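A short worksheet on the structure shown next.
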Amino acid sequence: MVRAVQTLRDIAALRAFVGAQRSTARRVALVPTMGALHAGHIALLRAARARAEAVVASVFVNPLQFNEVRDFEHYPRDLEGDAARLRDTGCDALWAPSDATMYPEGHSVTVRAGRAAQGFEGTHRPGHFDGVVTVVAKLFNQVQPDSAVFGEKDWQQLAVVREMVQDLNFPIEICGAPIERDQAGLALSSRNALLSEEGLAVARRLNAVLRAGGGAEDLLSVGFEKVDYVGLLAGRVVAAVWVEGVRLIDNVENAGHPLPAGSR
Ligand code: PAF
């Protein structure tokens, strides 16, 4: 069934939409994204649909969570394509605030991520999780969903958001959705679009190396330019690597391999 997806650009329109759902006792689920939607996001929307009668996808490329201006500027953006992709995906509304709506001139209050932000991404991307929890807190207050779905690819982010929701008493159920992969095992990511065929071929080795219990040396030997970390985090082996100047992350269940020397 093809569903009409409303694109909402300002808070008043968003509140009217959410108010209409509440007035008919429809639960609302939010899928926060930074756009460039792919099959991984569609899986998040399916998980949201299983929890609520009304599904809102947000698209906002959040400047506060980027460590480098170049990375922010090159992040893929395609709002029209995203709106088209959301048709027929079980989404009812696309919340696409402008930069000025999200961070009006003079705004100064931010949220500081908690203990779950320490290590791994928190070490390699200082301030990143503060930017994430700031925008997620704002999205939660704007949409006021009953539940929100996040991908397990960003395993540490999921823990950071859960911790914020618990510590700041947001009345929102946080759901993690399993990683979607291509046939070669590459975790779907908007950043994959930035890679050449050769870069993709290297990227596709990441998952196999992690599943085999490989560490930083093994990742370098299959063509990655740099390894930020490979390590254990809450039952998963998590890794961040670079290829063609693009940073990719992934994680796999810890099958009990001891991590080789050089992993961190
Ligand atoms: O995972 C993402 O795409 C982003 O970090 C999020 C949660 C949408 C916040 O900008």
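Starting from 1 in every chain, residues are counted up; chains themselves are A, B, ... following the order of the structure tokens, and ligands are numbered from 1 as listed.
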Please build the interface table for segment 5-121 of chain A against segment 141-146 of chain A with a cut-off of 9 Å, listing for each qualifying residue the nearest atom pair and the distance in Å to one decimal; count only C-alpha atoms, order rows by chain and increasing number, and write it as CSV.
```
residue,atom,partner,partner_atom,distance
A:Ile11,CA,A:Gln142,CA,7.1
A:Leu14,CA,A:Val143,CA,7.1
A:Arg15,CA,A:Val143,CA,7.3
A:Val18,CA,A:Val143,CA,6.9
A:Arg27,CA,A:Asp146,CA,6.2
A:Val28,CA,A:Pro145,CA,5.0
A:Ala29,CA,A:Pro145,CA,5.3
A:Leu30,CA,A:Pro145,CA,6.0
A:Arg51,CA,A:Asp146,CA,8.9
A:Ala52,CA,A:Asp146,CA,8.0
A:Val56,CA,A:Val143,CA,8.2
A:Trp95,CA,A:Val143,CA,8.6
```
Okay, now the selection with N, CA and C atoms, as a short mmCIF file (atom, residue, chain, number, x, y, z; two decimals), in the first residue's frame?
```cif
data_model
loop_
_atom_site.label_atom_id
_atom_site.label_comp_id
_atom_site.auth_asym_id
_atom_site.auth_seq_id
_atom_site.Cartn_x
_atom_site.Cartn_y
_atom_site.Cartn_z
N ILE A 11 7.82 23.63 13.59
CA ILE A 11 7.34 23.01 14.84
C ILE A 11 5.81 23.03 14.91
N LEU A 14 4.44 20.21 12.96
CA LEU A 14 4.76 18.95 13.64
C LEU A 14 3.80 18.73 14.82
N ARG A 15 3.61 19.78 15.61
CA ARG A 15 2.72 19.67 16.78
C ARG A 15 1.29 19.34 16.34
N VAL A 18 1.27 15.62 15.43
CA VAL A 18 1.34 14.74 16.61
C VAL A 18 0.06 14.86 17.44
N ARG A 27 -0.46 5.66 18.91
CA ARG A 27 0.90 5.80 19.45
C ARG A 27 1.82 6.32 18.35
N VAL A 28 2.86 7.04 18.78
CA VAL A 28 3.78 7.64 17.82
C VAL A 28 5.18 7.05 18.03
N ALA A 29 5.80 6.58 16.94
CA ALA A 29 7.20 6.11 17.02
C ALA A 29 8.05 7.01 16.14
N LEU A 30 9.25 7.31 16.63
CA LEU A 30 10.18 8.19 15.91
C LEU A 30 11.39 7.39 15.44
N ARG A 51 5.53 -0.93 16.44
CA ARG A 51 5.30 -0.42 17.80
C ARG A 51 4.26 0.67 17.87
N ALA A 52 3.89 1.22 16.72
CA ALA A 52 3.04 2.42 16.80
C ALA A 52 2.15 2.53 15.57
N VAL A 56 7.00 8.58 12.55
CA VAL A 56 7.64 9.82 12.09
C VAL A 56 9.13 9.52 11.86
N TRP A 95 9.80 14.58 9.40
CA TRP A 95 10.10 15.81 10.15
C TRP A 95 11.48 16.29 9.68
#
```
Within 10 Å of ligand 1, which residues show up when you count only C-alpha atoms and all ligand atoms? List them as a PyMOL selection string, please.
-> chain A and resi 31-37+41+57-66+128-129+131-137+139+148-155+157-158+161+189-190
Using the selection just defined, write its residues with C-alpha atoms as an mmCIF file, in the first residue's frame.
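Okay, part30.cif is ready:
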```
data_model
loop_
_atom_site.group_PDB
_atom_site.id
_atom_site.type_symbol
_atom_site.label_atom_id
_atom_site.label_comp_id
_atom_site.auth_asym_id
_atom_site.auth_seq_id
_atom_site.Cartn_x
_atom_site.Cartn_y
_atom_site.Cartn_z
ATOM 1 C CA VAL A 31 13.073 7.097 13.695
ATOM 2 C CA PRO A 32 15.774 9.785 13.960
ATOM 3 C CA THR A 33 18.061 9.919 10.901
ATOM 4 C CA MET A 34 20.472 12.206 9.137
ATOM 5 C CA GLY A 35 18.910 11.345 5.776
ATOM 6 C CA ALA A 36 20.395 9.753 2.641
ATOM 7 C CA LEU A 37 17.986 6.968 3.495
ATOM 8 C CA HIS A 41 16.694 3.029 7.592
ATOM 9 C CA ALA A 57 11.085 9.821 10.427
ATOM 10 C CA SER A 58 13.266 12.817 11.133
ATOM 11 C CA VAL A 59 15.945 13.988 8.718
ATOM 12 C CA PHE A 60 18.447 16.483 10.066
ATOM 13 C CA VAL A 61 22.183 16.563 9.439
ATOM 14 C CA ASN A 62 23.274 17.656 12.883
ATOM 15 C CA PRO A 63 26.305 19.973 12.783
ATOM 16 C CA LEU A 64 26.932 19.520 16.536
ATOM 17 C CA GLN A 65 27.947 15.885 16.174
ATOM 18 C CA PHE A 66 30.577 16.297 13.445
ATOM 19 C CA HIS A 128 30.455 13.822 19.185
ATOM 20 C CA PHE A 129 28.092 12.210 21.675
ATOM 21 C CA GLY A 131 26.092 16.650 19.857
ATOM 22 C CA VAL A 132 24.115 13.433 19.441
ATOM 23 C CA VAL A 133 22.320 13.634 22.797
ATOM 24 C CA THR A 134 21.624 17.338 22.317
ATOM 25 C CA VAL A 135 19.863 16.784 19.004
ATOM 26 C CA VAL A 136 18.148 13.581 20.158
ATOM 27 C CA ALA A 137 16.819 15.344 23.286
ATOM 28 C CA LEU A 139 13.914 15.655 18.647
ATOM 29 C CA ALA A 148 12.138 5.678 19.178
ATOM 30 C CA VAL A 149 14.138 3.247 17.064
ATOM 31 C CA PHE A 150 17.925 3.396 16.603
ATOM 32 C CA GLY A 151 20.163 1.092 14.565
ATOM 33 C CA GLU A 152 22.483 -1.293 16.384
ATOM 34 C CA LYS A 153 25.265 -0.395 13.922
ATOM 35 C CA ASP A 154 25.874 2.617 16.174
ATOM 36 C CA TRP A 155 26.172 0.307 19.179
ATOM 37 C CA GLN A 157 25.293 5.563 20.408
ATOM 38 C CA LEU A 158 22.418 3.281 21.384
ATOM 39 C CA VAL A 161 20.886 7.413 24.180
ATOM 40 C CA SER A 189 25.547 3.245 5.914
ATOM 41 C CA SER A 190 24.972 6.560 4.193
#
```
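Checking A:Ala47, A:Ala84, A:Ala100, A:Val241 one by one against Arg205 of chain A, counting only C-alpha atoms, you find the shortest gap at A:Val241.
If only C-alpha atoms are the atoms counted, then among A:Arg22, A:Glu105, A:Ala187, A:Leu219 the closest residue to His38 of chain A is A:Ala187.
In terms of minimum interatomic distance to Asp10 of chain A, A:Ala96 ranks closest within A:Ala212, A:Val238, A:Ala113, A:Ala96, counting only C-alpha atoms.
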Which residues in segment 24-176 of chain A does DSSP call helix (DSSP H, G or I)? List them as a VMD selection string.
-> chain A and resid 39 to 49 63 to 65 69 to 74 79 to 86 99 to 102 115 to 117 121 to 124 128 to 143 155 to 167
Within 7 Å of Leu195 of chain A using only C-alpha atoms, minus same-chain residues under 4 positions, as a ChimeraX atom specification = /A:199-200,244
Export of the given selection (C-alpha atoms) as an mmCIF file, in the first residue's frame:
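Saved result, selection23.cif, follows:
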```
data_model
loop_
_atom_site.group_PDB
_atom_site.id
_atom_site.type_symbol
_atom_site.label_atom_id
_atom_site.label_comp_id
_atom_site.auth_asym_id
_atom_site.auth_seq_id
_atom_site.Cartn_x
_atom_site.Cartn_y
_atom_site.Cartn_z
ATOM 1 C CA GLY A 199 36.858 1.352 -1.579
ATOM 2 C CA LEU A 200 33.698 -0.705 -1.293
ATOM 3 C CA GLU A 244 39.433 6.353 1.050
#
```
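Straight-line separation from atom CA of Val55 of chain A to atom CA of Leu8 of chain A: 13.0 Å.
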Identify, on the basis of only C-alpha atoms, every residue whose closest approach to Val246 of chain A does not exceed 12 Å; exclude the query and any residue fewer than 2 positions from it along the same chain; express the result as JSON, numbers by chain.
-> {"A": [70, 71, 74, 75, 189, 190, 191, 192, 193, 194, 195, 196, 199, 200, 202, 203, 224, 225, 226, 227, 240, 241, 242, 243, 244, 248, 249]}
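Between atom CA of Val230 of chain A and atom CA of Gly215 of chain A there is a distance of 6.2 Å.
Near Ala239 of chain A, within a cut-off of 10 Å and counting only C-alpha atoms, sit the residues Phe120, Glu121, Leu206, Asn207, Leu210, Gly215, Ala216, Leu219, Val227, Asp228, Tyr229, Val230, Gly231, Leu232, Leu233, Leu248, Ile249, Asp250, Asn251, Val252, Ser263 and Arg264 of chain A, with same-chain residues fewer than 5 positions away left out.
Taking atom CA of Pro258 of chain A as the reference point, atom CA of Ala184 of chain A is found at 24.5 Å.
When DSSP is run on the backbone, the residues of segment 120-207 of chain A that fall into strand (DSSP E) are Ser147, Ala148, Val149, Phe150, Gly151, Glu173, Ile174, Cys175, Gly176 and Ala177 of chain A.
Between Asp182 of chain A and the residues A:Ala201, A:Ala159, A:Ala25, A:Met102, the shortest atom-to-atom distance, using only C-alpha atoms, involves A:Ala201.
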